[in-house]
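What follows is a single structure, written as structure tokens, with notes after it.
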Amino acid sequence: MDAYHRILVPVDLTEDSDPVARRAKHIAATYHAELELLHVVEFVPVEPMGETLMPAVAIEEELMQRARQRLSALAASLAITAAAVHVEAGNVKAEIIRVARERNIDLIVLGSRERHGLSILVNLTEDAVLHGAPCDVLAVRVGARGTAK
């Protein structure tokens with residue numbers, strides 16, 4: 001197996017983001033690879049009910065700004081430079097794959113939650129990334145029974 005040179009860690013900024021990013025940092029240190037963090041803000045169209053408090057553009061920019069702040073805080077806790085932190089807007093699955101291609105990523109490390117019942121049939125982000133990624137994908141178990149904690 002060739003060494004990894006560029007590792008991308010897409011995070012959802014939940015409490016599970018930290019252990020996934022720490023696992024990726026350990027892998028990056030092992031391979032002397034560059035580590036990049038990515039968060040994708042996916043805007044969900046909403047039908048307004050009554051008066052709008054803020055224009056849609058202002059709401060979207062507020063979401064992007066909050067994501068930048070939270071991702072920067074995670075990066076700082078891991079000693080990752082600001083240049084390696086990316087916040088994008090769009091479809092989560094498509095953006096992860098697009099950024100991986102554009103940044104010549106060798107490995108994507110993402111969190112994976114255990115699924116039960118009907119949720120097994122849902123095409124979740126990790127499934128779409130696994131099948132569409134231009135590189136290797138490592139799923140780190142997270143959640144109540146995950147090993148990343």
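Simple scheme: letters A, B, ... for chains in structure tokens order, numbers from 1 for residues in each chain, numbers from 1 for ligands in the order shown.
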TODO: For Ala76 (chain A), list every protein, DNA or RNA residue within 12 Å, evaluated using only C-alpha atoms, and leave out those in the same chain fewer than 5 positions away; present the list as a list in words.
DONE: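 Those residues are Asp18, Ala21, Leu37, Arg68, Gln69, Arg70, Leu71, Thr81, Ala82, Ala83, Ala84 and Val85 of chain A.
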Could you take the residues named above and write them with C-alpha atoms, as a compact mmCIF listing (two decimals), in the first residue's frame?
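And here is the file that came out, again10.txt:
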# COMPACT_ATOMS: atom_id res chain seq x y z
CA ASP A 18 -13.61 15.45 17.71
CA ALA A 21 -10.64 14.19 13.65
CA LEU A 37 -10.91 19.48 7.75
CA ARG A 68 -16.40 28.56 10.20
CA GLN A 69 -16.10 29.46 13.90
CA ARG A 70 -16.84 25.94 15.13
CA LEU A 71 -14.56 24.31 12.57
CA THR A 81 -3.56 25.44 10.34
CA ALA A 82 -6.35 27.70 9.09
CA ALA A 83 -5.30 27.01 5.49
CA ALA A 84 -6.33 23.38 5.96
CA VAL A 85 -9.86 24.22 7.11
Run DSSP on the backbone of this structure and report the residues of region 2-96 of chain A it assigns to strand (DSSP E or B), as a PDB file with C-alpha atoms, in the first residue's frame.
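Here's the written file part.pdb:
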ATOM      1  CA  ARG A   6      -3.325  14.204   1.893  1.00  0.00           C
ATOM      2  CA  ILE A   7      -6.117  13.238   4.265  1.00  0.00           C
ATOM      3  CA  LEU A   8      -9.551  14.873   4.270  1.00  0.00           C
ATOM      4  CA  VAL A   9     -11.788  14.754   7.338  1.00  0.00           C
ATOM      5  CA  PRO A  10     -15.382  15.789   6.660  1.00  0.00           C
ATOM      6  CA  GLU A  34      -1.272  16.710   5.400  1.00  0.00           C
ATOM      7  CA  LEU A  35      -4.596  16.816   7.221  1.00  0.00           C
ATOM      8  CA  GLU A  36      -7.548  18.929   6.071  1.00  0.00           C
ATOM      9  CA  LEU A  37     -10.909  19.480   7.750  1.00  0.00           C
ATOM     10  CA  LEU A  38     -14.132  20.022   5.818  1.00  0.00           C
ATOM     11  CA  HIS A  39     -17.623  20.973   6.905  1.00  0.00           C
ATOM     12  CA  VAL A  40     -20.441  21.309   4.395  1.00  0.00           C
ATOM     13  CA  VAL A  41     -23.412  23.523   5.166  1.00  0.00           C
ATOM     14  CA  VAL A  85      -9.856  24.216   7.110  1.00  0.00           C
ATOM     15  CA  HIS A  86     -12.671  24.386   4.561  1.00  0.00           C
ATOM     16  CA  VAL A  87     -16.340  25.314   4.888  1.00  0.00           C
ATOM     17  CA  GLU A  88     -18.392  24.755   1.763  1.00  0.00           C
ATOM     18  CA  ALA A  89     -22.072  25.106   0.945  1.00  0.00           C
TER      19      ALA A  89
END
Open item on the list: Between A:Ala133, A:Leu63, A:Leu74, A:Val11, which residue has the minimum interatomic distance to Ile105 (chain A), considering only C-alpha atoms?
Closed with: A:Ala133
Open item on the list: One number please: CA of Ala73 (chain A) to CA of Ser17 (chain A), in Å, one decimal.
Closed with: 11.6 Å
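Of note, CA of Val142 (chain A) and CA of Arg66 (chain A) are spaced 23.3 Å apart.
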Task: Selection: 12 Å around Arg23 (chain A), only C-alpha atoms, excl. self and same-chain fewer than 2 positions, as a count of residues only - done: 29
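Using only C-alpha atoms for every distance, the candidate list A:His5, A:Lys93, A:His32, A:Arg22 yields A:Lys93 as the residue closest to Leu124 (chain A).
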TODO: Kindly indicate which residue among A:Leu107, A:Leu13, A:Ile97, A:Ala67 lies nearest to Val129 (chain A), using only C-alpha atoms for the distances.
DONE: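 Nearest to Val129 (chain A): A:Ile97.
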